[in-house]
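Heads up, input.cif below (mmCIF, C-alpha atoms):
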data_final
loop_
_atom_site.label_atom_id
_atom_site.label_comp_id
_atom_site.auth_asym_id
_atom_site.auth_seq_id
_atom_site.Cartn_x
_atom_site.Cartn_y
_atom_site.Cartn_z
CA MET A 1 13.30 -17.42 67.80
CA ARG A 2 16.55 -18.75 66.40
CA THR A 3 17.67 -22.16 67.53
CA ALA A 4 20.74 -20.74 69.23
CA ASP A 5 18.61 -18.23 71.12
CA GLU A 6 16.20 -20.94 72.12
CA ASP A 7 19.05 -23.08 73.38
CA SER A 8 20.38 -20.25 75.49
CA PHE A 9 16.90 -19.55 76.85
CA ARG A 10 16.42 -23.22 77.68
CA ALA A 11 19.66 -23.25 79.65
CA PHE A 12 18.76 -20.03 81.41
CA ALA A 13 15.25 -21.18 82.31
CA THR A 14 16.42 -24.55 83.57
CA GLY A 15 19.05 -22.92 85.74
CA GLN A 16 16.83 -20.18 87.12
CA ALA A 17 13.56 -22.05 87.64
CA PRO A 18 14.33 -23.40 91.14
CA THR A 19 15.62 -20.05 92.42
CA LEU A 20 12.75 -18.10 90.95
CA ARG A 21 10.23 -20.51 92.43
CA ARG A 22 11.77 -20.12 95.89
CA THR A 23 11.70 -16.34 95.65
CA ALA A 24 8.11 -16.48 94.41
CA PHE A 25 7.20 -18.72 97.35
CA LEU A 26 8.62 -16.21 99.79
CA PHE A 27 6.60 -13.49 98.07
CA CYS A 28 3.29 -15.36 98.06
CA GLY A 29 3.49 -18.19 100.61
CA ASP A 30 2.06 -20.88 98.36
CA TRP A 31 4.16 -23.37 96.39
CA HIS A 32 1.52 -23.94 93.69
CA LEU A 33 1.10 -20.23 93.05
CA ALA A 34 4.87 -19.82 93.22
CA GLU A 35 5.32 -22.35 90.44
CA ASP A 36 2.69 -20.60 88.32
CA LEU A 37 4.39 -17.25 88.89
CA MET A 38 7.78 -18.68 87.98
CA GLN A 39 6.43 -20.17 84.76
CA ALA A 40 4.56 -17.00 83.83
CA ALA A 41 7.69 -14.95 84.40
CA LEU A 42 9.79 -17.26 82.25
CA VAL A 43 7.23 -17.12 79.44
CA LYS A 44 7.44 -13.33 79.52
CA ILE A 45 11.22 -13.51 79.41
CA TYR A 46 11.05 -15.90 76.45
CA ARG A 47 8.99 -13.37 74.53
CA SER A 48 11.68 -10.72 74.92
CA TRP A 49 14.67 -13.07 74.98
CA SER A 50 16.30 -11.82 71.81
CA ARG A 51 16.30 -8.32 73.31
CA VAL A 52 17.25 -9.07 76.90
CA GLN A 53 19.66 -12.00 76.70
CA LYS A 54 22.69 -9.73 76.43
CA ARG A 55 21.84 -7.89 79.62
CA GLU A 56 24.57 -7.65 82.18
CA SER A 57 22.45 -9.07 84.94
CA LEU A 58 19.90 -11.38 83.43
CA THR A 59 19.19 -12.93 86.80
CA ASN A 60 18.14 -9.60 88.24
CA TYR A 61 16.04 -8.93 85.17
CA ALA A 62 14.29 -12.24 85.82
CA ARG A 63 13.70 -11.11 89.41
CA THR A 64 12.13 -7.90 88.12
CA VAL A 65 9.80 -9.81 85.82
CA LEU A 66 8.90 -12.23 88.61
CA LEU A 67 8.19 -9.39 91.03
CA ARG A 68 5.95 -7.66 88.54
CA THR A 69 4.18 -10.89 87.70
CA TRP A 70 3.44 -11.38 91.39
CA LEU A 71 2.29 -7.78 91.87
CA ASP A 72 0.09 -8.06 88.79
CA GLU A 73 -1.43 -11.22 90.21
CA ARG A 74 -2.13 -9.44 93.49
CA ARG A 75 -3.89 -6.60 91.73
CA ARG A 76 -6.39 -8.87 90.05
CA PRO A 77 -9.74 -8.44 91.77
CA PHE A 78 -10.27 -12.19 91.58
CA ARG A 79 -6.76 -13.06 92.64
CA ARG A 80 -6.08 -16.24 94.45
CA SER A 81 -5.50 -16.20 98.15
CA GLU A 82 -1.82 -16.06 98.96
CA LEU A 83 -1.39 -17.10 102.52
CA SER A 84 -0.69 -20.76 102.83
CA GLY A 85 -2.95 -22.86 104.94
CA ALA A 86 -0.04 -24.09 106.97
CA GLU A 87 -0.51 -22.59 110.39
CA LEU A 88 2.04 -22.52 113.09
CA PRO A 89 1.36 -24.64 116.13
CA ASP A 90 0.05 -22.64 119.05
CA VAL A 91 3.12 -23.19 121.12
CA PRO A 92 6.61 -24.28 120.24
CA GLU A 93 8.04 -27.57 121.30
CA PRO A 94 9.98 -27.65 124.58
CA ALA A 95 13.09 -25.50 124.71
CA GLY A 96 16.22 -27.21 123.53
CA ASP A 97 14.34 -29.33 121.06
CA PRO A 98 15.48 -28.83 117.45
CA ALA A 99 11.83 -28.33 116.63
CA VAL A 100 12.01 -25.03 118.46
CA ARG A 101 14.42 -23.71 115.89
CA VAL A 102 12.26 -24.96 113.04
CA TRP A 103 9.21 -23.38 114.60
CA ALA A 104 11.05 -20.10 115.14
CA LYS A 105 12.24 -19.94 111.55
CA GLU A 106 8.83 -20.76 110.13
CA LEU A 107 7.68 -17.85 112.19
CA VAL A 108 9.80 -15.42 110.17
CA HIS A 109 8.13 -16.38 106.91
CA ARG A 110 4.70 -16.46 108.50
CA ALA A 111 5.30 -12.94 109.79
CA LEU A 112 6.67 -11.83 106.42
CA LEU A 113 3.41 -12.77 104.74
CA GLU A 114 1.59 -10.24 106.89
CA LEU A 115 3.63 -7.32 105.55
CA PRO A 116 2.57 -5.07 102.66
CA PRO A 117 3.90 -6.30 99.31
CA GLY A 118 6.53 -3.61 98.93
CA GLN A 119 8.11 -4.32 102.28
CA ARG A 120 7.84 -8.06 101.70
CA ALA A 121 9.57 -7.81 98.35
CA VAL A 122 12.39 -5.66 99.62
CA LEU A 123 13.10 -8.01 102.54
CA VAL A 124 13.13 -11.07 100.27
CA LEU A 125 15.41 -9.43 97.73
CA ARG A 126 17.80 -8.09 100.35
CA TYR A 127 17.89 -10.95 102.86
CA PHE A 128 17.12 -14.01 100.76
CA ASP A 129 18.57 -13.07 97.39
CA ASP A 130 21.32 -11.07 99.14
CA LEU A 131 21.05 -8.11 96.79
CA SER A 132 22.63 -4.79 97.66
CA VAL A 133 20.51 -1.68 98.09
CA ALA A 134 21.46 -0.55 94.58
CA GLU A 135 20.65 -3.93 93.03
CA THR A 136 17.34 -4.11 94.89
CA ALA A 137 16.44 -0.64 93.64
CA ARG A 138 17.15 -1.71 90.07
CA VAL A 139 15.08 -4.88 90.44
CA MET A 140 12.18 -3.00 92.02
CA ARG A 141 12.65 -0.04 89.68
CA CYS A 142 12.57 2.44 92.49
CA ALA A 143 14.98 4.82 94.18
CA GLU A 144 17.65 3.53 96.54
CA GLY A 145 16.17 5.72 99.25
CA THR A 146 12.89 3.89 98.86
CA VAL A 147 14.67 0.56 99.30
CA LYS A 148 16.34 1.80 102.48
CA SER A 149 13.14 3.16 103.96
CA GLN A 150 11.14 0.07 102.96
CA SER A 151 13.83 -2.19 104.45
CA ALA A 152 13.80 -0.32 107.75
CA ARG A 153 10.03 -0.25 107.93
CA GLY A 154 9.82 -3.87 106.84
CA LEU A 155 12.21 -5.04 109.53
CA ASP A 156 10.35 -3.05 112.18
CA ALA A 157 7.03 -4.45 111.00
CA LEU A 158 8.45 -7.97 110.87
CA ARG A 159 9.70 -7.70 114.44
CA ALA A 160 6.32 -6.41 115.56
CA VAL A 161 4.46 -9.28 113.88
CA VAL A 162 6.89 -11.84 115.28
CA ALA A 163 6.43 -10.39 118.73
CA ARG A 164 2.66 -10.60 118.33
CA LEU A 165 2.69 -14.14 116.94
CA ALA A 166 5.19 -15.43 119.45
CA PRO A 167 5.45 -13.17 122.46
CA ALA A 168 7.32 -15.87 124.37
CA SER A 169 10.10 -15.87 121.78
CA GLY A 170 11.28 -12.47 122.96
CA GLY A 171 11.46 -11.38 119.36
CA LEU A 172 13.75 -14.23 118.32
CA HIS A 173 16.92 -12.83 119.83
CA ARG A 174 19.99 -14.50 118.55
CA GLU A 175 21.95 -16.60 120.94
CA MET B 1 15.56 -10.18 115.88
CA SER B 2 18.68 -9.47 113.87
CA GLU B 3 19.08 -9.26 110.10
CA GLN B 4 20.81 -12.65 110.27
CA ASP B 5 17.69 -14.09 111.91
CA VAL B 6 15.71 -12.84 108.93
CA ARG B 7 18.17 -14.45 106.51
CA ASP B 8 18.07 -17.72 108.43
CA GLY B 9 14.30 -17.63 108.65
CA LEU B 10 13.82 -17.07 104.94
CA ARG B 11 16.29 -19.80 104.01
CA ALA B 12 14.64 -22.20 106.41
CA ALA B 13 11.24 -21.45 104.89
CA VAL B 14 12.25 -22.96 101.55
CA LEU B 15 14.07 -26.00 102.90
CA THR B 16 10.95 -28.13 102.64
CA GLU B 17 10.14 -27.17 99.06
CA PRO B 18 8.32 -29.74 96.98
CA VAL B 19 10.11 -31.40 94.08
CA LEU B 20 10.19 -29.19 91.03
CA SER B 21 9.12 -30.95 87.86
CA PHE B 22 10.14 -28.21 85.49
CA ASP B 23 9.89 -29.04 81.80
CA PRO B 24 11.62 -26.36 79.72
CA GLU B 25 10.26 -27.87 76.48
CA ALA B 26 6.68 -27.49 77.66
CA LEU B 27 7.39 -23.93 78.74
CA ILE B 28 8.92 -23.05 75.39
CA LEU B 29 5.99 -24.62 73.57
CA ARG B 30 3.56 -22.56 75.61
CA ALA B 31 5.56 -19.39 74.98
CA ARG B 32 5.75 -20.09 71.24
CA GLN B 33 1.98 -20.53 71.09
CA GLN B 34 1.45 -17.21 72.86
CA VAL B 35 3.78 -15.42 70.47
CA ARG B 36 2.05 -16.89 67.41
CA ARG B 37 -1.43 -16.08 68.73
CA ARG B 38 -0.46 -12.52 69.56
CA ARG B 39 1.09 -11.94 66.15
CA ALA B 40 -2.03 -13.17 64.42
CA LEU B 41 -4.49 -11.28 66.58
CA ALA B 42 -2.52 -8.07 66.90
CA GLY B 43 -2.32 -7.70 63.14
CA ALA B 44 -6.00 -8.33 62.61
CA GLY B 45 -7.15 -6.04 65.36
CA ALA B 46 -4.79 -3.09 65.19
CA ALA B 47 -6.67 -1.04 62.68
CA THR B 48 -10.03 -1.65 64.31
CA ILE B 49 -8.98 -0.61 67.76
CA ALA B 50 -7.06 2.37 66.42
CA VAL B 51 -10.26 3.76 64.94
CA ALA B 52 -12.13 3.02 68.15
CA VAL B 53 -9.60 4.87 70.25
CA ALA B 54 -9.60 7.81 67.88
CA ALA B 55 -13.36 8.05 68.07
CA VAL B 56 -13.34 8.59 71.80
CA ALA B 57 -10.08 10.46 72.18
CA VAL B 58 -10.38 13.89 73.70
CA PRO B 59 -9.97 16.30 70.81
CA THR B 60 -7.97 18.83 72.72
CA VAL B 61 -4.92 18.51 74.82
CA LEU B 62 -6.06 19.07 78.35
CA GLY B 63 -3.78 20.69 80.86
CA THR B 64 -3.41 19.20 84.30
CA PRO B 65 -3.13 22.19 86.59
CA ARG B 66 -2.51 20.49 89.81
CA GLY B 67 0.32 20.27 92.24
CA SER B 68 0.54 24.02 92.51
CA ASP B 69 0.90 23.62 96.23
CA GLY B 70 3.98 21.52 95.68
CA GLY B 71 2.46 18.67 97.61
CA ALA B 72 0.56 16.76 94.98
CA VAL B 73 1.88 14.10 92.71
CA GLY B 74 3.29 15.51 89.50
CA ALA B 75 0.99 15.01 86.58
CA ALA B 76 1.97 12.81 83.72
CA PRO B 77 2.44 14.83 80.55
CA PRO B 78 -0.87 14.73 78.71
CA PRO B 79 -0.78 12.39 75.75
CA SER B 80 -1.21 14.02 72.42
CA GLN B 81 -4.62 13.14 71.05
CA THR B 82 -5.24 15.74 68.43
CA SER B 83 -5.11 13.39 65.49
CA PRO B 84 -6.12 9.79 64.97
CA PRO B 85 -3.61 7.15 65.97
CA HIS B 86 -1.76 5.27 63.32
CA PRO B 87 -2.87 1.77 62.47
CA THR B 88 0.30 -0.15 63.14
CA PRO B 89 1.84 -3.31 61.90
CA ALA B 90 1.51 -6.20 64.30
CA ILE B 91 3.17 -5.39 67.60
CA THR B 92 3.93 -8.41 69.71
CA THR B 93 6.48 -6.95 72.08
CA LEU B 94 6.79 -3.55 73.64
CA PRO B 95 10.01 -2.67 75.44
CA TRP B 96 8.89 -1.33 78.79
CA PRO B 97 9.41 1.06 80.38
CA PRO B 98 10.59 3.24 77.49
CA ALA B 99 14.28 4.02 77.39
CA GLY B 100 15.30 6.86 79.66
CA VAL B 101 12.36 6.59 82.02
CA THR B 102 13.38 7.07 85.64
CA PRO B 103 11.14 5.46 88.24
CA VAL B 104 9.20 8.02 90.23
CA SER B 105 8.63 7.65 93.95
CA TYR B 106 5.82 9.40 95.80
CA THR B 107 5.06 9.79 99.46
CA ALA B 108 1.81 8.53 100.92
CA ASP B 109 0.66 12.13 101.39
CA GLN B 110 1.31 12.95 97.74
CA LEU B 111 -0.58 9.85 96.66
CA LYS B 112 -3.55 10.74 98.86
CA VAL B 113 -3.75 14.20 97.33
CA ARG B 114 -3.52 12.83 93.81
CA GLY B 115 -6.06 10.11 94.55
CA ALA B 116 -8.56 12.67 95.81
CA GLU B 117 -8.08 14.74 92.63
CA MET B 118 -8.67 11.76 90.38
CA ARG B 119 -11.69 10.66 92.42
CA ASP B 120 -13.28 14.09 91.99
CA HIS B 121 -12.49 14.05 88.30
CA LEU B 122 -13.98 10.60 87.77
CA ARG B 123 -17.29 11.61 89.35
CA ALA B 124 -17.91 13.75 86.25
CA ALA B 125 -15.69 12.01 83.70
CA PHE B 126 -17.16 8.55 84.18
CA PRO B 127 -20.79 9.44 83.33
CA ALA B 128 -19.44 11.43 80.38
CA ALA B 129 -17.52 8.42 79.10
CA VAL B 130 -20.31 5.91 79.79
CA PRO B 131 -23.64 7.59 78.97
CA GLY B 132 -26.72 6.33 80.76
CA VAL B 133 -25.06 5.22 83.99
CA ALA B 134 -26.77 5.91 87.30
CA GLN B 135 -25.87 5.52 90.95
CA VAL B 136 -22.21 6.17 90.20
CA ALA B 137 -19.98 5.70 93.26
CA VAL B 138 -16.24 6.27 92.96
CA GLN B 139 -14.26 4.51 95.66
CA GLU B 140 -11.37 6.23 97.33
CA PHE B 141 -8.12 5.59 95.44
CA GLY B 142 -5.73 3.33 97.30
CA GLY B 143 -3.53 0.28 96.93
CA GLU B 144 -4.10 -3.01 98.64
CA ALA B 145 -7.38 -1.63 99.93
CA SER B 146 -9.47 1.42 99.22
CA GLY B 147 -7.72 4.42 100.75
CA ALA B 148 -4.64 2.41 101.73
CA VAL B 149 -1.43 3.99 100.46
CA GLU B 150 2.14 3.81 101.61
CA ASP B 151 5.31 5.72 100.89
CA GLY B 152 6.94 4.60 97.68
CA GLN B 153 3.83 2.90 96.32
CA GLY B 154 4.00 3.07 92.56
CA TYR B 155 0.30 2.87 91.81
CA LEU B 156 -3.17 3.99 92.82
CA ASN B 157 -6.36 2.13 92.03
CA SER B 158 -10.07 2.45 92.56
CA PHE B 159 -13.42 1.04 91.47
CA VAL B 160 -16.25 3.04 89.95
CA ALA B 161 -19.48 1.22 90.76
CA PHE B 162 -22.58 2.02 88.72
CA SER B 163 -25.96 0.90 87.42
CA LEU B 164 -26.68 0.66 83.72
CA ASP B 165 -29.99 -0.51 82.31
CA GLY B 166 -30.88 -1.87 85.73
CA SER B 167 -27.71 -3.96 86.14
CA ARG B 168 -24.94 -3.33 88.62
CA SER B 169 -21.29 -3.46 87.63
CA ALA B 170 -18.07 -1.53 88.17
CA VAL B 171 -14.98 -0.37 86.32
CA TYR B 172 -11.53 -0.79 87.83
CA VAL B 173 -9.22 2.15 87.27
CA ALA B 174 -5.53 1.69 88.02
CA THR B 175 -2.82 4.27 87.48
CA PHE B 176 0.87 3.41 87.60
CA ALA B 177 3.76 5.81 88.03
CA PRO B 178 6.43 5.95 85.31
CA GLY B 179 8.44 2.75 85.51
CA ALA B 180 6.07 1.03 87.94
CA GLY B 181 3.43 -0.34 85.60
CA PRO B 182 2.77 -3.86 84.42
CA GLU B 183 4.61 -5.41 81.51
CA PRO B 184 2.73 -4.85 78.25
CA PHE B 185 0.94 -8.03 77.16
CA SER B 186 1.37 -9.58 80.61
CA GLU B 187 -2.39 -9.80 81.21
CA CYS B 188 -3.80 -8.84 77.87
CA GLY B 189 -5.33 -12.25 77.34
CA ASP B 190 -6.70 -13.67 74.15
CA GLY B 191 -7.51 -11.31 71.32
CA CYS B 192 -5.03 -8.70 72.49
CA LYS B 193 -5.16 -5.63 70.27
CA VAL B 194 -2.63 -2.84 70.05
CA ALA B 195 -2.97 0.70 68.74
CA THR B 196 -0.19 3.25 68.52
CA MET B 197 -1.07 6.84 69.32
CA PRO B 198 0.52 9.85 67.59
CA ASP B 199 2.72 10.57 70.60
CA GLY B 200 4.18 7.08 70.51
CA SER B 201 2.07 5.76 73.35
CA HIS B 202 0.19 2.48 72.97
CA VAL B 203 -3.31 1.32 73.82
CA LEU B 204 -3.75 -2.39 74.47
CA THR B 205 -7.16 -4.02 74.64
CA GLY B 206 -7.85 -7.59 75.66
CA LYS B 207 -10.45 -9.87 77.18
CA LEU B 208 -9.66 -12.16 80.06
CA PHE B 209 -11.73 -15.12 81.23
CA ALA B 210 -12.11 -15.07 85.01
CA GLY B 211 -13.86 -18.42 85.28
CA GLU B 212 -17.46 -19.45 85.86
CA GLY B 213 -18.80 -17.38 82.98
CA GLN B 214 -17.16 -14.18 84.15
CA TRP B 215 -15.11 -11.94 81.88
CA LEU B 216 -12.89 -8.90 82.19
CA LEU B 217 -12.43 -6.40 79.41
CA ASN B 218 -9.11 -4.62 79.87
CA VAL B 219 -7.74 -1.48 78.26
CA TRP B 220 -4.28 -0.16 79.12
CA HIS B 221 -2.72 3.07 77.98
CA PHE B 222 1.06 2.69 77.99
CA ARG B 223 2.09 6.32 77.92
CA ALA B 224 5.16 7.83 76.37
CA ASN B 225 6.46 8.99 79.76
CA GLY B 226 6.41 5.42 81.14
CA ALA B 227 3.18 5.81 83.10
CA VAL B 228 0.30 3.36 82.62
CA VAL B 229 -3.45 3.77 83.10
CA GLN B 230 -5.71 0.74 83.09
CA ALA B 231 -9.50 0.60 82.87
CA THR B 232 -11.23 -2.75 83.29
CA GLY B 233 -14.89 -3.63 82.80
CA TYR B 234 -16.62 -6.75 84.14
CA ASN B 235 -19.73 -8.71 83.26
CA TYR B 236 -20.44 -8.81 86.98
CA ASP B 237 -20.09 -6.47 89.91
CA PRO B 238 -16.61 -6.93 91.41
CA THR B 239 -17.59 -4.63 94.28
CA GLY B 240 -20.74 -6.51 95.20
CA ALA B 241 -22.51 -9.81 94.88
CA GLY B 242 -24.79 -9.22 91.93
CA PRO B 243 -25.52 -11.66 89.14
CA THR B 244 -23.27 -12.42 86.19
CA LEU B 245 -24.38 -10.39 83.18
CA PRO B 246 -24.58 -11.67 79.59
CA VAL B 247 -22.03 -9.12 78.42
CA VAL B 248 -19.61 -6.58 79.86
CA PRO B 249 -21.82 -3.46 80.05
CA VAL B 250 -19.06 -1.03 79.03
CA THR B 251 -17.44 -1.00 75.62
CA PRO B 252 -13.74 -1.02 74.69
CA GLU B 253 -14.20 2.52 73.37
CA GLN B 254 -15.60 3.73 76.70
CA LEU B 255 -12.77 2.08 78.62
CA ALA B 256 -10.24 3.57 76.18
CA ALA B 257 -11.69 7.01 76.83
CA LEU B 258 -10.96 6.54 80.53
CA ALA B 259 -7.52 4.98 80.07
CA THR B 260 -6.39 7.78 77.75
CA ASP B 261 -7.88 10.55 79.88
CA PRO B 262 -4.92 12.85 80.56
CA LYS B 263 -6.44 13.83 83.91
CA LEU B 264 -5.98 10.28 85.14
CA GLY B 265 -2.46 9.13 85.90
CA ILE B 266 0.32 9.53 88.43
#

For the file at hand, write its structure as structure tokens.
Amino acid sequence: MRTADEDSFRAFATGQAPTLRRTAFLFCGDWHLAEDLMQAALVKIYRSWSRVQKRESLTNYARTVLLRTWLDERRRPFRRSELSGAELPDVPEPAGDPAVRVWAKELVHRALLELPPGQRAVLVLRYFDDLSVAETARVMRCAEGTVKSQSARGLDALRAVVARLAPASGGLHRE
Amino acid sequence: MSEQDVRDGLRAAVLTEPVLSFDPEALILRARQQVRRRRALAGAGAATIAVAVAAVAVPTVLGTPRGSDGGAVGAAPPPSQTSPPHPTPAITTLPWPPAGVTPVSYTADQLKVRGAEMRDHLRAAFPAAVPGVAQVAVQEFGGEASGAVEDGQGYLNSFVAFSLDGSRSAVYVATFAPGAGPEPFSECGDGCKVATMPDGSHVLTGKLFAGEGQWLLNVWHFRANGAVVQATGYNYDPTGAGPTLPVVPVTPEQLAALATDPKLGI
């Protein structure tokens, strides 16, 4: 790779690494695995940098590579376990305590990790990365209709899991 | 729970992230080493694997007469295999999916129909590709679990468990819809070899160390229409708890025969 290309890749990787690791963590629920996925995705991008660096949305391309890296990891028969060992406490702290809000928000991610990978990915891309339906479809390389249906199913499933994990929360209604 | 609750919940989940000690120089060094290794190995192995693939390639173009009821998954166009593939110069990158490929989305019902067709086909095709096998059991095609499919899922996979010379093992068969497959080279491992077929498709072969003396032998067929078929052999039984074997009991040629089988694919 030319020095100029390598410089541009270095800047891109340094800028994207934290974001990609966060997205990977939301996919897999484990910070160590998330870091490995982020690094593996960046190595793949390096290998095709001269071809892809002129893309209009390099960030979304990186998301595509990260998503595929995660899905590939999941398909390995000897894949590592994804769910983090961090369990929620059995009951939240008393109402009004700030800990209640922390507990409730941890609950969303805990519930997310129980969803199928497709629904999990679409919810992360839409509600964490704030991508539009069209952008999400391009990242996931699927039809926009699939994104819409997966989003709707994912939200329904998420609500159901939250209700199961925390029936007292009333489904985390907003105040 | 509103969509804003979901946004808040996801943002809150990463607030306690550990410190990131990202070293771009180390990453670039690692990437450079991979590129160099692939260039060296791909060049040395291309001709060998090309001959191997040609030796097992089906000599006629097989039709895939399915989906006549309109409900099954559309078959991938059969790859042309009527002449030996070309030994290629070293290929270290493969733009994927090919230009112009539109991702295909299937319903769960379509995937179930297609999975059942491929399962039936494998019951005869697997012993033909791997002579001498006994007690062949083809699992139901699925996704996250055997038989588990969902709308929009871009892949189907299964295991074929078998006995060979008294040892138990299995072959993993994964089929990916156009545009939904893995990145070429992403899991090829050390010694990755590439062969180009006459129709422009590519066969990648690589060995991957799984730890504790266990190995995977992978063959992928990256098809011209953007679909991918993977066949993986193991020196153990990934479907059971048998012992680790000295070698993977199936050969790259046998796996290539499965991966390039035009009757496998979605």

Query raised in the report: What gap, in Å, lies between CA of Glu117 (chain B) and CA of Gln119 (chain A)?
Result: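 It comes out at 26.8 Å.
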
Requested in this report: Work out how far apart CA of Glu253 (chain B) and CA of Arg114 (chain B) are and give it in Å to one decimal.
Outcome: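 Computing it gives 25.3 Å between the two atoms.
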
Query raised in the report: Where does the PyMOL selection byres ((chain A and resi 40) around 10) land in this file, that is, which residues does it pick, as a list in words?
Result: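 Applying the expression gives Ala34, Glu35, Asp36, Leu37, Met38, Gln39, Ala41, Leu42, Val43, Lys44, Ile45, Tyr46, Val65, Leu66, Thr69 and Trp70 of chain A; Leu27, Arg30, Ala31 and Ser186 of chain B.
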
Report task. Run through the PyMOL selection byres ((chain A and resi 22) around 10) on the given coordinates and return the selected residues as JSON, numbers by chain. Result -> {"A": [17, 18, 19, 20, 21, 23, 24, 25, 26, 27, 28, 29, 31, 34, 35, 38, 128, 129], "B": [10, 11, 13, 14, 15, 17]}

**Report entry** Check: which chain B residues lie within 8 Å of chain A using all atoms listed in the file, as a PyMOL selection string
**Finding:** chain B and resi 1-3+5-14+17-18+20+22+24-25+27-28+30-31+35+93+103-105+144+152-153+179-180+182-183+186+210+238

Please determine an axis-aligned box that encloses all atoms of region 146-158 of chain B listed in the file, with 4 Å added on each side, and express its centre and edge lengths in Å to one decimal as AutoDock Vina command-line options.
--center_x -1.6 --center_y 3.6 --center_z 96.8 --size_x 25.0 --size_y 12.3 --size_z 17.9

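Counting all atoms listed in the file and comparing A:Ser8, A:Arg153, A:Ser132, A:Glu144, the residue that lies closest to Lys54 (chain A) is A:Ser8.
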
Report summary line: Between B:Val248, B:Ala161, B:Ala259, B:Ala124, smallest distance to Phe209 (chain B) by only C-alpha atoms belongs to B:Val248

Requested in this report: Kindly give the distance, in Å, that separates CA of Val149 (chain B) and CA of Leu125 (chain A), rounded to a single decimal.
Outcome: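 So the two atoms, CA of Val149 (chain B) and CA of Leu125 (chain A), lie 21.7 Å apart.
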
Please produce region 177-188 of chain B, completed to N, CA, C and O atoms, as a CSV table (one decimal), in the coordinates of the input.
chain,number,residue,atom,x,y,z
B,177,ALA,N,2.7,4.8,88.2
B,177,ALA,CA,3.8,5.8,88.0
B,177,ALA,C,4.7,5.4,86.9
B,177,ALA,O,4.9,4.2,86.7
B,178,PRO,N,5.4,6.3,86.3
B,178,PRO,CA,6.4,6.0,85.3
B,178,PRO,C,7.4,4.9,85.9
B,178,PRO,O,8.0,5.1,86.9
B,179,GLY,N,7.5,3.8,85.1
B,179,GLY,CA,8.4,2.8,85.5
B,179,GLY,C,7.9,1.7,86.5
B,179,GLY,O,8.5,0.7,86.8
B,180,ALA,N,6.6,1.9,86.9
B,180,ALA,CA,6.1,1.0,87.9
B,180,ALA,C,4.9,0.2,87.4
B,180,ALA,O,4.4,-0.6,88.1
B,181,GLY,N,4.6,0.3,86.1
B,181,GLY,CA,3.4,-0.3,85.6
B,181,GLY,C,3.7,-1.8,85.2
B,181,GLY,O,4.8,-2.3,85.3
B,182,PRO,N,2.6,-2.5,84.8
B,182,PRO,CA,2.8,-3.9,84.4
B,182,PRO,C,3.5,-4.0,83.1
B,182,PRO,O,3.6,-3.0,82.3
B,183,GLU,N,4.0,-5.2,82.8
B,183,GLU,CA,4.6,-5.4,81.5
B,183,GLU,C,3.5,-5.4,80.5
B,183,GLU,O,2.5,-6.0,80.7
B,184,PRO,N,3.7,-4.7,79.3
B,184,PRO,CA,2.7,-4.8,78.2
B,184,PRO,C,2.5,-6.3,77.9
B,184,PRO,O,3.5,-7.1,77.9
B,185,PHE,N,1.3,-6.7,77.6
B,185,PHE,CA,0.9,-8.0,77.2
B,185,PHE,C,0.9,-9.0,78.3
B,185,PHE,O,0.5,-10.2,78.1
B,186,SER,N,1.3,-8.6,79.5
B,186,SER,CA,1.4,-9.6,80.6
B,186,SER,C,0.0,-10.1,81.0
B,186,SER,O,-0.1,-11.3,81.4
B,187,GLU,N,-1.1,-9.3,80.8
B,187,GLU,CA,-2.4,-9.8,81.2
B,187,GLU,C,-3.4,-9.5,80.1
B,187,GLU,O,-4.6,-9.5,80.4
B,188,CYS,N,-2.9,-9.3,78.9
B,188,CYS,CA,-3.8,-8.8,77.9
B,188,CYS,C,-4.8,-9.9,77.5
B,188,CYS,O,-5.9,-9.7,77.1
